[in-house]
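Quick notes on the structure that follows.
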Amino acid sequence: MSIDPIAVWANMKLKIWPERYWMLELGDVSAADAASVFVECDGRYSCLIRDQAGVSAIVEEIAFERLKSEVPVRGYFGPFRVVSTDGDLPFDVIGFLRPVLELLNNEGIKAGPQCGAVLDHLFIYERDVERANALLENFISKARDQ
């Protein structure tokens with residue numbers, strides 16, 4: 001039996017991380033070298049991805065400055081704020097992020113998703129985070145009313 005994503009949203013809370021975040025394109029740099037800055041991110045959101053384009057990282061501003069001095073950064077985007085789900089999120093729920101991504105995208109807000117094993121995260125340009133939070137809180141409120 002499938003899990004209704006709107007029902008999951010009805011019981012969801014959000015966490016907006018207070019720090020400013022940057023997404024970095026590190027190319028073919030060693031993931032171990034890039035991962036060394038994650039110690040700086042203790043207690044903060046961070047993400048390291050290796051794919052066919054090389055290594056990417058999402059780190060808060062202090063770690064970004066340190067990383068720039070230690071490894072070649074080919075490109076970067078930001079500043080972002082990270083908005084995370086903060087509630088029970090069954091791993092098997094299908095289509096959970098789709099309605100909120102459509103909502104935000106239709107309002108001209110870029111929301112980059114990153115899924116963890118327990119929670120989901122959206123990195124949103126800092127200039128848009130207040131408007132995004134209002135839209136998301138309204139979405140959750142409507143989900144509760146269904």
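Convention: chains lettered A, B, ... in structure tokens order; per-chain residue numbering from 1; ligands numbered from 1 as shown.
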Would you kindly return, as a short mmCIF file (atom, residue, chain, number, x, y, z; two decimals) with N, CA, C and O atoms, in the first residue's frame, each protein, DNA or RNA residue with an atom no farther than 12 Å from any atom of A:Gly87, considering only C-alpha atoms and excluding same-chain residues fewer than 3 positions away?
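See part-v1.cif below for the written result:
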data_model
loop_
_atom_site.label_atom_id
_atom_site.label_comp_id
_atom_site.auth_asym_id
_atom_site.auth_seq_id
_atom_site.Cartn_x
_atom_site.Cartn_y
_atom_site.Cartn_z
N VAL A 8 1.84 12.80 4.75
CA VAL A 8 3.14 12.94 5.40
C VAL A 8 3.44 14.42 5.63
O VAL A 8 3.89 14.83 6.70
N TRP A 9 3.16 15.26 4.62
CA TRP A 9 3.37 16.70 4.77
C TRP A 9 2.51 17.28 5.89
O TRP A 9 2.92 18.22 6.57
N ALA A 10 1.31 16.73 6.08
CA ALA A 10 0.40 17.24 7.11
C ALA A 10 1.00 17.14 8.51
O ALA A 10 0.63 17.90 9.41
N ASN A 11 1.93 16.21 8.70
CA ASN A 11 2.57 16.02 10.00
C ASN A 11 4.02 16.52 10.03
O ASN A 11 4.75 16.19 10.96
N MET A 12 4.40 17.28 9.03
CA MET A 12 5.79 17.69 8.89
C MET A 12 6.03 19.07 9.50
O MET A 12 5.16 19.93 9.49
N LYS A 13 7.22 19.26 10.01
CA LYS A 13 7.72 20.56 10.43
C LYS A 13 8.93 20.85 9.55
O LYS A 13 9.47 19.96 8.90
N LEU A 14 9.37 22.10 9.56
CA LEU A 14 10.54 22.50 8.79
C LEU A 14 11.62 23.04 9.70
O LEU A 14 11.33 23.62 10.75
N LYS A 15 12.85 22.87 9.28
CA LYS A 15 13.99 23.48 9.95
C LYS A 15 14.73 24.31 8.91
O LYS A 15 15.10 23.79 7.86
N SER A 84 15.13 22.04 5.77
CA SER A 84 15.06 20.60 5.95
C SER A 84 13.71 20.19 6.51
O SER A 84 13.11 20.92 7.31
N PRO A 90 8.76 8.59 6.14
CA PRO A 90 9.02 7.22 5.72
C PRO A 90 9.84 7.18 4.43
O PRO A 90 9.55 7.93 3.49
N VAL A 118 17.09 9.85 6.30
CA VAL A 118 16.01 10.08 7.25
C VAL A 118 15.20 11.33 6.92
O VAL A 118 13.99 11.35 7.10
N LEU A 119 15.84 12.36 6.42
CA LEU A 119 15.19 13.64 6.14
C LEU A 119 15.53 14.12 4.73
O LEU A 119 16.52 13.69 4.14
N ASP A 120 14.71 15.03 4.21
CA ASP A 120 14.97 15.65 2.91
C ASP A 120 15.33 17.12 3.12
O ASP A 120 14.92 17.74 4.11
#
- Write out as a VMD selection string which residues come within 8 Å of A:Asp4 when counting only C-alpha atoms, dropping same-chain ones fewer than 3 positions away. chain A and resid 7 to 8 93 to 94
Those residues you just picked out, can you put them in a file as a PDB file, in the first residue's frame with C-alpha atoms?
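The resulting file, out04.pdb, is reproduced below:
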ATOM      1  CA  ALA A   7      -0.590  13.008   4.611  1.00  0.00           C
ATOM      2  CA  VAL A   8       3.144  12.943   5.404  1.00  0.00           C
ATOM      3  CA  VAL A  93       6.906   7.541   0.407  1.00  0.00           C
ATOM      4  CA  ILE A  94       6.750   8.188  -3.344  1.00  0.00           C
TER       5      ILE A  94
END
- Item | Residues within 6 Å of stretch 124-137 of chain A, only C-alpha atoms, excluding chain neighbours under 2 positions, as a PyMOL selection string | chain A and resi 79-81+111+139-140
What would the file look like if the residues just selected were written as a PDB file, in the first residue's frame with N, CA, C and O atoms?
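Listed below is the output, out.pdb:
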ATOM      1  N   PRO A  79      24.708  32.741  -2.227  1.00  0.00           N
ATOM      2  CA  PRO A  79      24.504  31.976  -1.006  1.00  0.00           C
ATOM      3  C   PRO A  79      23.107  31.368  -0.956  1.00  0.00           C
ATOM      4  O   PRO A  79      22.142  31.919  -1.471  1.00  0.00           O
ATOM      5  N   PHE A  80      23.053  30.202  -0.314  1.00  0.00           N
ATOM      6  CA  PHE A  80      21.806  29.480  -0.101  1.00  0.00           C
ATOM      7  C   PHE A  80      21.504  29.428   1.381  1.00  0.00           C
ATOM      8  O   PHE A  80      22.381  29.623   2.220  1.00  0.00           O
ATOM      9  N   ARG A  81      20.283  29.088   1.685  1.00  0.00           N
ATOM     10  CA  ARG A  81      19.880  28.637   3.015  1.00  0.00           C
ATOM     11  C   ARG A  81      19.324  27.238   2.795  1.00  0.00           C
ATOM     12  O   ARG A  81      18.760  26.946   1.740  1.00  0.00           O
ATOM     13  N   ALA A 111      14.707  25.545  -5.977  1.00  0.00           N
ATOM     14  CA  ALA A 111      14.862  24.721  -4.784  1.00  0.00           C
ATOM     15  C   ALA A 111      15.574  23.446  -5.194  1.00  0.00           C
ATOM     16  O   ALA A 111      15.008  22.605  -5.871  1.00  0.00           O
ATOM     17  N   PHE A 139       1.491  25.454   2.556  1.00  0.00           N
ATOM     18  CA  PHE A 139       1.268  24.127   1.972  1.00  0.00           C
ATOM     19  C   PHE A 139       1.004  23.103   3.075  1.00  0.00           C
ATOM     20  O   PHE A 139       0.078  22.293   2.984  1.00  0.00           O
ATOM     21  N   ILE A 140       1.810  23.128   4.134  1.00  0.00           N
ATOM     22  CA  ILE A 140       1.640  22.189   5.247  1.00  0.00           C
ATOM     23  C   ILE A 140       0.305  22.426   5.934  1.00  0.00           C
ATOM     24  O   ILE A 140      -0.420  21.474   6.265  1.00  0.00           O
TER      25      ILE A 140
END
- Query: What is the atom CA of A:Val55-atom CA of A:Ala117 distance in Å, reported with one decimal?
  - Reply: 20.1 Å
- Message: At a cut-off of 10 Å, using only C-alpha atoms, what residues contact A:Phe38? Leave out same-chain residues fewer than 5 positions from it and give the result as a PyMOL selection string.
- Response: chain A and resi 43-48+57-60+63+67
Just-selected residues, N, CA, C and O atoms written as a PDB file, in the first residue's frame:
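Full text of again_10.pdb as output:
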ATOM      1  N   GLY A  43      27.810  19.917  13.255  1.00  0.00           N
ATOM      2  CA  GLY A  43      26.578  20.524  13.744  1.00  0.00           C
ATOM      3  C   GLY A  43      25.846  21.350  12.712  1.00  0.00           C
ATOM      4  O   GLY A  43      24.831  21.964  13.007  1.00  0.00           O
ATOM      5  N   ARG A  44      26.355  21.399  11.497  1.00  0.00           N
ATOM      6  CA  ARG A  44      25.732  22.164  10.420  1.00  0.00           C
ATOM      7  C   ARG A  44      25.447  21.215   9.253  1.00  0.00           C
ATOM      8  O   ARG A  44      26.010  20.144   9.168  1.00  0.00           O
ATOM      9  N   TYR A  45      24.603  21.660   8.354  1.00  0.00           N
ATOM     10  CA  TYR A  45      24.315  20.870   7.165  1.00  0.00           C
ATOM     11  C   TYR A  45      25.558  20.840   6.280  1.00  0.00           C
ATOM     12  O   TYR A  45      26.280  21.835   6.153  1.00  0.00           O
ATOM     13  N   SER A  46      25.824  19.714   5.657  1.00  0.00           N
ATOM     14  CA  SER A  46      26.867  19.618   4.641  1.00  0.00           C
ATOM     15  C   SER A  46      26.578  18.399   3.780  1.00  0.00           C
ATOM     16  O   SER A  46      25.912  17.464   4.209  1.00  0.00           O
ATOM     17  N   CYS A  47      27.089  18.450   2.556  1.00  0.00           N
ATOM     18  CA  CYS A  47      26.833  17.371   1.612  1.00  0.00           C
ATOM     19  C   CYS A  47      28.013  17.264   0.659  1.00  0.00           C
ATOM     20  O   CYS A  47      28.531  18.281   0.182  1.00  0.00           O
ATOM     21  N   LEU A  48      28.427  16.054   0.388  1.00  0.00           N
ATOM     22  CA  LEU A  48      29.503  15.791  -0.559  1.00  0.00           C
ATOM     23  C   LEU A  48      28.984  14.790  -1.581  1.00  0.00           C
ATOM     24  O   LEU A  48      28.454  13.740  -1.207  1.00  0.00           O
ATOM     25  N   ALA A  57      30.233  19.926  -3.468  1.00  0.00           N
ATOM     26  CA  ALA A  57      30.014  20.019  -2.027  1.00  0.00           C
ATOM     27  C   ALA A  57      29.035  21.141  -1.743  1.00  0.00           C
ATOM     28  O   ALA A  57      29.014  22.154  -2.456  1.00  0.00           O
ATOM     29  N   ILE A  58      28.226  20.948  -0.723  1.00  0.00           N
ATOM     30  CA  ILE A  58      27.403  22.023  -0.178  1.00  0.00           C
ATOM     31  C   ILE A  58      27.875  22.197   1.256  1.00  0.00           C
ATOM     32  O   ILE A  58      27.792  21.265   2.061  1.00  0.00           O
ATOM     33  N   VAL A  59      28.424  23.376   1.541  1.00  0.00           N
ATOM     34  CA  VAL A  59      28.984  23.638   2.867  1.00  0.00           C
ATOM     35  C   VAL A  59      28.632  25.057   3.297  1.00  0.00           C
ATOM     36  O   VAL A  59      28.348  25.919   2.481  1.00  0.00           O
ATOM     37  N   GLU A  60      28.697  25.270   4.609  1.00  0.00           N
ATOM     38  CA  GLU A  60      28.427  26.607   5.117  1.00  0.00           C
ATOM     39  C   GLU A  60      29.622  27.520   4.834  1.00  0.00           C
ATOM     40  O   GLU A  60      30.686  27.065   4.437  1.00  0.00           O
ATOM     41  N   ALA A  63      33.348  26.956   6.073  1.00  0.00           N
ATOM     42  CA  ALA A  63      33.982  25.809   5.413  1.00  0.00           C
ATOM     43  C   ALA A  63      34.271  26.120   3.948  1.00  0.00           C
ATOM     44  O   ALA A  63      35.276  25.661   3.400  1.00  0.00           O
ATOM     45  N   LEU A  67      37.816  25.663   2.243  1.00  0.00           N
ATOM     46  CA  LEU A  67      37.937  24.765   1.098  1.00  0.00           C
ATOM     47  C   LEU A  67      38.564  25.483  -0.092  1.00  0.00           C
ATOM     48  O   LEU A  67      39.415  24.924  -0.777  1.00  0.00           O
TER      49      LEU A  67
END
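With only C-alpha atoms as the atoms that count, the minimum distance from A:Gly78 to the choices A:Leu103, A:Ile62, A:Met23, A:Leu122 is reached by A:Met23.
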- Counting only C-alpha atoms, the residue of A:Ala31, A:Val82, A:Ala143, A:Cys115 that sits nearest A:Trp17: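 Closest to A:Trp17 of all the choices is A:Val82.
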- Item | Neighbour list for A:Asp28 as a ChimeraX atom specification, cut-off 10 Å, only C-alpha atoms, skip fewer than 3 positions in-chain | /A:25,31,50-56,72,74
Preceding selection exported with N, CA and C atoms as a compact mmCIF listing (two decimals), in the first residue's frame:
# COMPACT_ATOMS: atom_id res chain seq x y z
N GLU A 25 31.62 23.45 -7.14
CA GLU A 25 32.02 22.48 -8.15
C GLU A 25 33.53 22.31 -8.01
N ALA A 31 38.03 13.30 -3.18
CA ALA A 31 36.92 13.41 -2.23
C ALA A 31 37.45 13.48 -0.80
N ARG A 50 29.88 12.75 -5.31
CA ARG A 50 30.79 12.39 -6.40
C ARG A 50 29.91 11.81 -7.50
N ASP A 51 30.05 12.35 -8.71
CA ASP A 51 29.32 11.84 -9.86
C ASP A 51 30.20 11.94 -11.09
N GLN A 52 29.62 11.78 -12.27
CA GLN A 52 30.41 11.79 -13.49
C GLN A 52 31.08 13.13 -13.79
N ALA A 53 30.64 14.20 -13.14
CA ALA A 53 31.26 15.53 -13.33
C ALA A 53 32.38 15.78 -12.34
N GLY A 54 32.57 14.89 -11.38
CA GLY A 54 33.60 15.09 -10.37
C GLY A 54 32.99 15.17 -8.99
N VAL A 55 33.49 16.09 -8.18
CA VAL A 55 33.05 16.23 -6.80
C VAL A 55 32.36 17.58 -6.63
N SER A 56 31.22 17.55 -5.95
CA SER A 56 30.50 18.77 -5.56
C SER A 56 30.33 18.75 -4.06
N PRO A 72 41.29 23.24 -5.57
CA PRO A 72 40.81 24.08 -6.67
C PRO A 72 39.28 24.04 -6.77
N ARG A 74 36.26 24.98 -9.15
CA ARG A 74 35.98 25.36 -10.54
C ARG A 74 34.82 26.32 -10.66
- Query: At what distance in Å, to one decimal, does atom CA of A:Pro18 lie from atom CA of A:Phe91?
  - Reply: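 Computing the Euclidean distance for atom CA of A:Phe91 and atom CA of A:Pro18 yields 26.0 Å.
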- Item | DSSP helix (DSSP H, G or I) residues within chain A, listed as a PyMOL selection string | chain A and resi 5-10+31-39+61-70+98-106+126-145
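Residue nearest A:Tyr21 within the list A:Ser36, A:Lys110, A:Phe64, A:Ile49: A:Phe64 [criterion: smallest interatomic distance, only C-alpha atoms].
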- Query: Out of chain A, which residues get strand (DSSP E) from DSSP, as an MDAnalysis selection string?
  - Reply: chainID A and resid 14:16 21:27 47:51 54:60 75:85 111:115 120:125
- Quick one, how far is atom CA of A:Arg20 from atom CA of A:Thr85?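 Distance reported for this atom pair: 17.7 Å.
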